[in-house]
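Student: Contents of target15.pdb (PDB, C-alpha atoms) are given next:
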MODEL        1
ATOM      1  CA  VAL A  84     228.870  -2.426 117.625
ATOM      2  CA  PRO A  85     231.155   0.089 119.326
ATOM      3  CA  THR A  86     229.326   2.572 121.528
ATOM      4  CA  ARG A  87     232.190   4.462 123.165
ATOM      5  CA  LEU A  88     233.036   7.716 121.402
ATOM      6  CA  GLU A  89     236.647   8.911 121.486
ATOM      7  CA  VAL A  90     237.396  12.270 119.856
ATOM      8  CA  PRO A  91     241.181  12.694 119.752
ATOM      9  CA  PRO A  92     242.303  16.087 121.147
ATOM     10  CA  GLU A  93     244.017  16.988 117.857
ATOM     11  CA  VAL A  94     240.699  16.468 116.006
ATOM     12  CA  ALA A  95     238.843  18.694 118.481
ATOM     13  CA  GLN A  96     241.540  21.346 117.996
ATOM     14  CA  ALA A  97     241.434  21.155 114.171
ATOM     15  CA  TRP A  98     237.669  21.300 113.458
ATOM     16  CA  SER A  99     235.020  23.730 114.735
ATOM     17  CA  GLY A 100     231.922  22.550 112.891
ATOM     18  CA  ILE A 101     230.380  20.799 109.922
ATOM     19  CA  ARG A 102     229.220  21.950 106.499
ATOM     20  CA  LEU A 103     225.955  20.493 105.257
ATOM     21  CA  GLY A 104     224.512  20.662 101.787
ATOM     22  CA  TRP A 105     220.732  20.864 101.568
ATOM     23  CA  LYS A 106     218.161  20.646  98.800
ATOM     24  CA  ASP A 107     214.515  21.649  98.857
ATOM     25  CA  LYS A 108     212.843  18.909  96.821
ATOM     26  CA  THR A 109     209.764  21.040  96.132
ATOM     27  CA  SER A 110     211.485  24.165  94.785
ATOM     28  CA  GLY A 111     214.769  22.642  93.616
ATOM     29  CA  LYS A 112     216.745  25.240  95.594
ATOM     30  CA  GLU A 113     220.056  24.105  97.055
ATOM     31  CA  GLY A 114     222.540  25.577  99.473
ATOM     32  CA  LYS A 115     225.047  24.985 102.229
ATOM     33  CA  ILE A 116     225.011  25.754 105.936
ATOM     34  CA  ASP A 117     227.752  25.607 108.523
ATOM     35  CA  VAL A 118     226.796  24.215 111.921
ATOM     36  CA  PRO A 119     229.232  24.800 114.816
ATOM     37  CA  LEU A 120     229.900  21.705 116.924
ATOM     38  CA  GLY A 121     227.687  21.638 119.987
ATOM     39  CA  GLU A 122     225.266  24.106 118.424
ATOM     40  CA  ALA A 123     222.269  24.121 116.104
ATOM     41  CA  ALA A 124     221.389  25.978 112.905
ATOM     42  CA  PRO A 125     218.110  26.280 110.988
ATOM     43  CA  LEU A 126     217.605  25.116 107.440
ATOM     44  CA  PRO A 127     215.938  27.556 105.021
ATOM     45  CA  ASP A 128     212.660  26.396 106.566
ATOM     46  CA  PRO A 129     213.123  27.544 110.185
ATOM     47  CA  SER A 130     210.885  24.730 111.455
ATOM     48  CA  LEU A 131     213.842  22.395 110.679
ATOM     49  CA  VAL A 132     216.935  22.748 112.848
ATOM     50  CA  VAL A 133     220.141  20.685 112.667
ATOM     51  CA  ARG A 134     222.411  20.177 115.685
ATOM     52  CA  ALA A 135     226.003  19.036 115.134
ATOM     53  CA  ASP A 136     227.372  16.965 118.003
ATOM     54  CA  VAL A 137     230.598  15.430 116.686
ATOM     55  CA  PHE A 138     232.783  15.593 113.578
ATOM     56  CA  LEU A 139     235.304  12.841 112.867
ATOM     57  CA  PRO A 140     237.414  13.514 109.741
ATOM     58  CA  ALA A 141     238.737   9.931 109.545
ATOM     59  CA  PHE A 142     235.828   7.931 111.002
ATOM     60  CA  ALA A 143     236.792   4.483 112.257
ATOM     61  CA  MET A 144     235.276   1.798 114.462
ATOM     62  CA  GLY A 145     237.383  -0.664 116.358
ATOM     63  CA  GLY A 146     238.490  -1.742 119.801
ATOM     64  CA  GLY A 147     235.023  -0.996 121.145
ATOM     65  CA  ALA A 148     235.228   2.678 120.147
ATOM     66  CA  ILE A 149     234.141   5.091 117.453
ATOM     67  CA  THR A 150     237.009   7.481 116.773
ATOM     68  CA  SER A 151     239.046   9.291 114.113
ATOM     69  CA  GLN A 152     242.301   7.927 112.738
ATOM     70  CA  GLY A 153     243.748  11.404 112.314
ATOM     71  CA  VAL A 154     242.843  14.990 111.482
ATOM     72  CA  GLU A 155     242.837  14.694 107.671
ATOM     73  CA  ALA A 156     239.445  14.338 105.950
ATOM     74  CA  GLN A 157     239.795  10.723 104.804
ATOM     75  CA  ASN A 158     236.354   9.392 105.799
ATOM     76  CA  PRO A 159     234.394  12.392 107.131
ATOM     77  CA  ALA A 160     231.444  11.635 109.409
ATOM     78  CA  ALA A 161     229.252  13.716 111.673
ATOM     79  CA  ARG A 162     226.780  12.841 114.383
ATOM     80  CA  VAL A 163     223.761  15.097 113.954
ATOM     81  CA  THR A 164     220.270  15.531 115.317
ATOM     82  CA  VAL A 165     217.487  17.085 113.240
ATOM     83  CA  PHE A 166     214.471  18.676 114.880
ATOM     84  CA  GLU A 167     211.204  19.645 113.202
ATOM     85  CA  LYS A 168     209.107  22.123 115.182
ATOM     86  CA  GLY A 169     211.169  21.188 118.241
ATOM     87  CA  LYS A 170     210.613  17.429 117.894
ATOM     88  CA  GLU A 171     213.553  15.125 117.159
ATOM     89  CA  ILE A 172     213.015  13.454 113.767
ATOM     90  CA  PHE A 173     216.535  12.109 113.096
ATOM     91  CA  ALA A 174     219.604  11.309 115.171
ATOM     92  CA  GLY A 175     222.643   9.513 113.855
ATOM     93  CA  TRP A 176     225.840   9.491 111.862
ATOM     94  CA  ILE A 177     226.012  10.865 108.330
ATOM     95  CA  PHE A 178     228.961  10.322 106.002
ATOM     96  CA  THR A 179     230.438  12.367 103.145
ATOM     97  CA  ARG A 180     231.562   9.349 101.130
ATOM     98  CA  PHE A 181     228.603   7.115 101.985
ATOM     99  CA  PRO A 182     225.487   9.315 101.861
ATOM    100  CA  ASP A 183     223.180   6.286 101.631
ATOM    101  CA  VAL A 184     224.343   4.899 104.992
ATOM    102  CA  HIS A 185     221.923   6.157 107.669
ATOM    103  CA  PRO A 186     220.441   8.810 105.358
ATOM    104  CA  PHE A 187     218.271  11.621 106.639
ATOM    105  CA  THR A 188     214.875  11.236 104.993
ATOM    106  CA  HIS A 189     212.289  14.000 104.891
ATOM    107  CA  PRO A 190     209.418  14.716 102.491
ATOM    108  CA  ARG A 191     210.774  18.160 101.558
ATOM    109  CA  PHE A 192     214.488  18.455 102.384
ATOM    110  CA  SER A 193     217.516  16.317 101.733
ATOM    111  CA  LEU A 194     220.774  16.797 103.633
ATOM    112  CA  HIS A 195     224.297  15.587 102.992
ATOM    113  CA  LEU A 196     227.581  16.089 104.768
ATOM    114  CA  GLU A 197     229.987  18.228 102.730
ATOM    115  CA  GLY A 198     232.710  17.965 105.367
ATOM    116  CA  GLY A 199     234.138  19.749 108.347
ATOM    117  CA  VAL A 200     234.711  23.418 109.029
ATOM    118  CA  PRO A 201     238.358  23.979 110.021
ATOM    119  CA  ARG A 202     238.956  25.887 113.245
ATOM    120  CA  ALA A 203     240.268  29.394 112.587
ATOM    121  CA  PRO A 204     243.929  29.839 113.539
ATOM    122  CA  LYS A 205     244.421  31.660 116.829
TER
ENDMDL
END
Could you write out this file's structure as structure tokens?
Tutor:
Amino acid sequence: VPTRLEVPPEVAQAWSGIRLGWKDKTSGKEGKIDVPLGEAAPLPDPSLVVRADVFLPAFAMGGGAITSQGVEAQNPAARVTVFEKGKEIFAGWIFTRFPDVHPFTHPRFSLHLEGGVPRAPK
């Protein structure tokens, strides 16, 4: 399993964050939040916070590395960490096209990766 992460410079220049969809299983409410890369954002319940570490629009594994095969959103993936009351409860990759691979599981909230947030033009 590749462990080396390689984010191509053009990917880092094209994307500034991730967009997550969330659903509160108890109330049925749904929404979206944007999480800037390298930062964290709370869910509607502020005891749950999501940190976005990496976004790869064309996730690929090979040659001992995890990388992106370009800047277009062909197989979007994000490496996230979820904290509840400051304690890490999930860390891993989530995928837009494959939400059941490494899913975030929580008794109240579900999360899914909508995609990346494009960097604003300078």
Student: For a cut-off of 10 Å around (236.9, 23.1, 118.1), file coordinates, pick out all residues using all atoms listed in the file and list them as a ChimeraX atom specification.
Tutor: /A:92-100,119-121,138,200-203
Student: Find the residues with any atom within 10 Å of (226.6, 27.2, 103.3); use all atoms listed in the file and the coordinates as given in the file, and write the answer as a ChimeraX atom specification.
Tutor: /A:101-105,113-118,197
Student: I need the output of the PyMOL selection byres ((chain A and resi 188) around 12) for this file as a PyMOL selection string; which residues are they?
Tutor: chain A and resi 105-106+108+165+172-175+177+182-187+189-195
Student: For atom CA of A:Phe166 and atom CA of A:Arg180, quote the distance in Å rounded to one decimal.
Tutor: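 Straight-line distance from atom CA of A:Phe166 to atom CA of A:Arg180 works out to 23.8 Å.
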Student: Which residues of stretch 115-201 of chain A come within 8 Å of stretch 84-90 of chain A, and for each one, what is the closest pair of atoms and their distance in Å to one decimal, counting only C-alpha atoms, sorted by chain and residue number, as a tab-separated table?
Tutor:
residue	atom	partner	partner_atom	distance
A:Leu139	CA	A:Val90	CA	7.3
A:Met144	CA	A:Pro85	CA	6.6
A:Gly145	CA	A:Pro85	CA	6.9
A:Gly146	CA	A:Pro85	CA	7.6
A:Gly147	CA	A:Pro85	CA	4.4
A:Ala148	CA	A:Arg87	CA	4.6
A:Ile149	CA	A:Leu88	CA	4.9
A:Thr150	CA	A:Glu89	CA	4.9
A:Ser151	CA	A:Val90	CA	6.7
Student: Of the candidates A:Ala135, A:Val154, A:Leu196, A:Ala141, which shows the shortest atom-to-atom distance to A:Glu122, using all atoms listed in the file?
Tutor: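 Distance minimum relative to A:Glu122 lands on A:Ala135.
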Student: Starting from the block above, write stretch 116-142 of chain A out to a file with N, CA and C atoms, as a PDB file, in the first residue's frame, please.
Tutor:
ATOM      1  N   ILE A 116     -20.861  22.162   3.773  1.00  0.00           N
ATOM      2  CA  ILE A 116     -19.866  23.067   4.347  1.00  0.00           C
ATOM      3  C   ILE A 116     -18.611  23.007   3.500  1.00  0.00           C
ATOM      4  N   ASP A 117     -17.950  24.135   3.398  1.00  0.00           N
ATOM      5  CA  ASP A 117     -16.645  24.194   2.741  1.00  0.00           C
ATOM      6  C   ASP A 117     -15.578  24.222   3.826  1.00  0.00           C
ATOM      7  N   VAL A 118     -14.547  23.408   3.632  1.00  0.00           N
ATOM      8  CA  VAL A 118     -13.444  23.340   4.591  1.00  0.00           C
ATOM      9  C   VAL A 118     -12.152  23.672   3.842  1.00  0.00           C
ATOM     10  N   PRO A 119     -11.511  24.804   4.161  1.00  0.00           N
ATOM     11  CA  PRO A 119     -10.245  25.140   3.506  1.00  0.00           C
ATOM     12  C   PRO A 119      -9.171  24.096   3.841  1.00  0.00           C
ATOM     13  N   LEU A 120      -8.328  23.804   2.871  1.00  0.00           N
ATOM     14  CA  LEU A 120      -7.240  22.843   3.101  1.00  0.00           C
ATOM     15  C   LEU A 120      -6.320  23.365   4.198  1.00  0.00           C
ATOM     16  N   GLY A 121      -5.967  22.468   5.109  1.00  0.00           N
ATOM     17  CA  GLY A 121      -5.102  22.833   6.219  1.00  0.00           C
ATOM     18  C   GLY A 121      -5.839  23.477   7.377  1.00  0.00           C
ATOM     19  N   GLU A 122      -7.160  23.559   7.264  1.00  0.00           N
ATOM     20  CA  GLU A 122      -7.961  24.189   8.313  1.00  0.00           C
ATOM     21  C   GLU A 122      -9.091  23.258   8.736  1.00  0.00           C
ATOM     22  N   ALA A 123      -9.868  23.714   9.710  1.00  0.00           N
ATOM     23  CA  ALA A 123     -10.979  22.925  10.226  1.00  0.00           C
ATOM     24  C   ALA A 123     -12.238  23.768  10.239  1.00  0.00           C
ATOM     25  N   ALA A 124     -13.386  23.096  10.173  1.00  0.00           N
ATOM     26  CA  ALA A 124     -14.685  23.772  10.211  1.00  0.00           C
ATOM     27  C   ALA A 124     -15.652  22.911  11.015  1.00  0.00           C
ATOM     28  N   PRO A 125     -16.533  23.559  11.793  1.00  0.00           N
ATOM     29  CA  PRO A 125     -17.504  22.787  12.579  1.00  0.00           C
ATOM     30  C   PRO A 125     -18.690  22.351  11.726  1.00  0.00           C
ATOM     31  N   LEU A 126     -19.266  21.228  12.113  1.00  0.00           N
ATOM     32  CA  LEU A 126     -20.549  20.817  11.557  1.00  0.00           C
ATOM     33  C   LEU A 126     -21.630  21.616  12.289  1.00  0.00           C
ATOM     34  N   PRO A 127     -22.905  21.436  11.932  1.00  0.00           N
ATOM     35  CA  PRO A 127     -23.951  22.168  12.648  1.00  0.00           C
ATOM     36  C   PRO A 127     -23.917  21.926  14.160  1.00  0.00           C
ATOM     37  N   ASP A 128     -23.447  20.773  14.579  1.00  0.00           N
ATOM     38  CA  ASP A 128     -23.201  20.529  16.000  1.00  0.00           C
ATOM     39  C   ASP A 128     -21.743  20.903  16.236  1.00  0.00           C
ATOM     40  N   PRO A 129     -21.485  22.014  16.949  1.00  0.00           N
ATOM     41  CA  PRO A 129     -20.099  22.488  17.082  1.00  0.00           C
ATOM     42  C   PRO A 129     -19.164  21.543  17.844  1.00  0.00           C
ATOM     43  N   SER A 130     -19.705  20.477  18.438  1.00  0.00           N
ATOM     44  CA  SER A 130     -18.813  19.510  19.088  1.00  0.00           C
ATOM     45  C   SER A 130     -18.115  18.634  18.053  1.00  0.00           C
ATOM     46  N   LEU A 131     -18.587  18.677  16.782  1.00  0.00           N
ATOM     47  CA  LEU A 131     -17.959  17.934  15.685  1.00  0.00           C
ATOM     48  C   LEU A 131     -17.260  18.904  14.748  1.00  0.00           C
ATOM     49  N   VAL A 132     -15.970  18.673  14.542  1.00  0.00           N
ATOM     50  CA  VAL A 132     -15.154  19.539  13.695  1.00  0.00           C
ATOM     51  C   VAL A 132     -14.430  18.676  12.666  1.00  0.00           C
ATOM     52  N   VAL A 133     -14.426  19.132  11.411  1.00  0.00           N
ATOM     53  CA  VAL A 133     -13.762  18.409  10.326  1.00  0.00           C
ATOM     54  C   VAL A 133     -12.557  19.209   9.860  1.00  0.00           C
ATOM     55  N   ARG A 134     -11.403  18.547   9.774  1.00  0.00           N
ATOM     56  CA  ARG A 134     -10.187  19.162   9.242  1.00  0.00           C
ATOM     57  C   ARG A 134      -9.905  18.534   7.887  1.00  0.00           C
ATOM     58  N   ALA A 135      -9.620  19.390   6.902  1.00  0.00           N
ATOM     59  CA  ALA A 135      -9.278  18.924   5.551  1.00  0.00           C
ATOM     60  C   ALA A 135      -7.775  19.048   5.362  1.00  0.00           C
ATOM     61  N   ASP A 136      -7.120  17.931   5.120  1.00  0.00           N
ATOM     62  CA  ASP A 136      -5.663  17.936   4.960  1.00  0.00           C
ATOM     63  C   ASP A 136      -5.234  18.014   3.497  1.00  0.00           C
ATOM     64  N   VAL A 137      -5.874  17.198   2.653  1.00  0.00           N
ATOM     65  CA  VAL A 137      -5.448  17.072   1.259  1.00  0.00           C
ATOM     66  C   VAL A 137      -6.673  16.862   0.382  1.00  0.00           C
ATOM     67  N   PHE A 138      -6.657  17.457  -0.816  1.00  0.00           N
ATOM     68  CA  PHE A 138      -7.662  17.156  -1.831  1.00  0.00           C
ATOM     69  C   PHE A 138      -6.940  16.738  -3.100  1.00  0.00           C
ATOM     70  N   LEU A 139      -7.312  15.575  -3.624  1.00  0.00           N
ATOM     71  CA  LEU A 139      -6.760  15.084  -4.886  1.00  0.00           C
ATOM     72  C   LEU A 139      -7.924  14.890  -5.859  1.00  0.00           C
ATOM     73  N   PRO A 140      -8.019  15.714  -6.909  1.00  0.00           N
ATOM     74  CA  PRO A 140      -9.159  15.625  -7.824  1.00  0.00           C
ATOM     75  C   PRO A 140      -9.170  14.360  -8.689  1.00  0.00           C
ATOM     76  N   ALA A 141      -8.006  13.786  -8.929  1.00  0.00           N
ATOM     77  CA  ALA A 141      -7.913  12.562  -9.743  1.00  0.00           C
ATOM     78  C   ALA A 141      -7.058  11.551  -8.976  1.00  0.00           C
ATOM     79  N   PHE A 142      -7.594  11.117  -7.817  1.00  0.00           N
ATOM     80  CA  PHE A 142      -6.892  10.212  -6.911  1.00  0.00           C
ATOM     81  C   PHE A 142      -6.348   8.991  -7.646  1.00  0.00           C
TER      82      PHE A 142
END
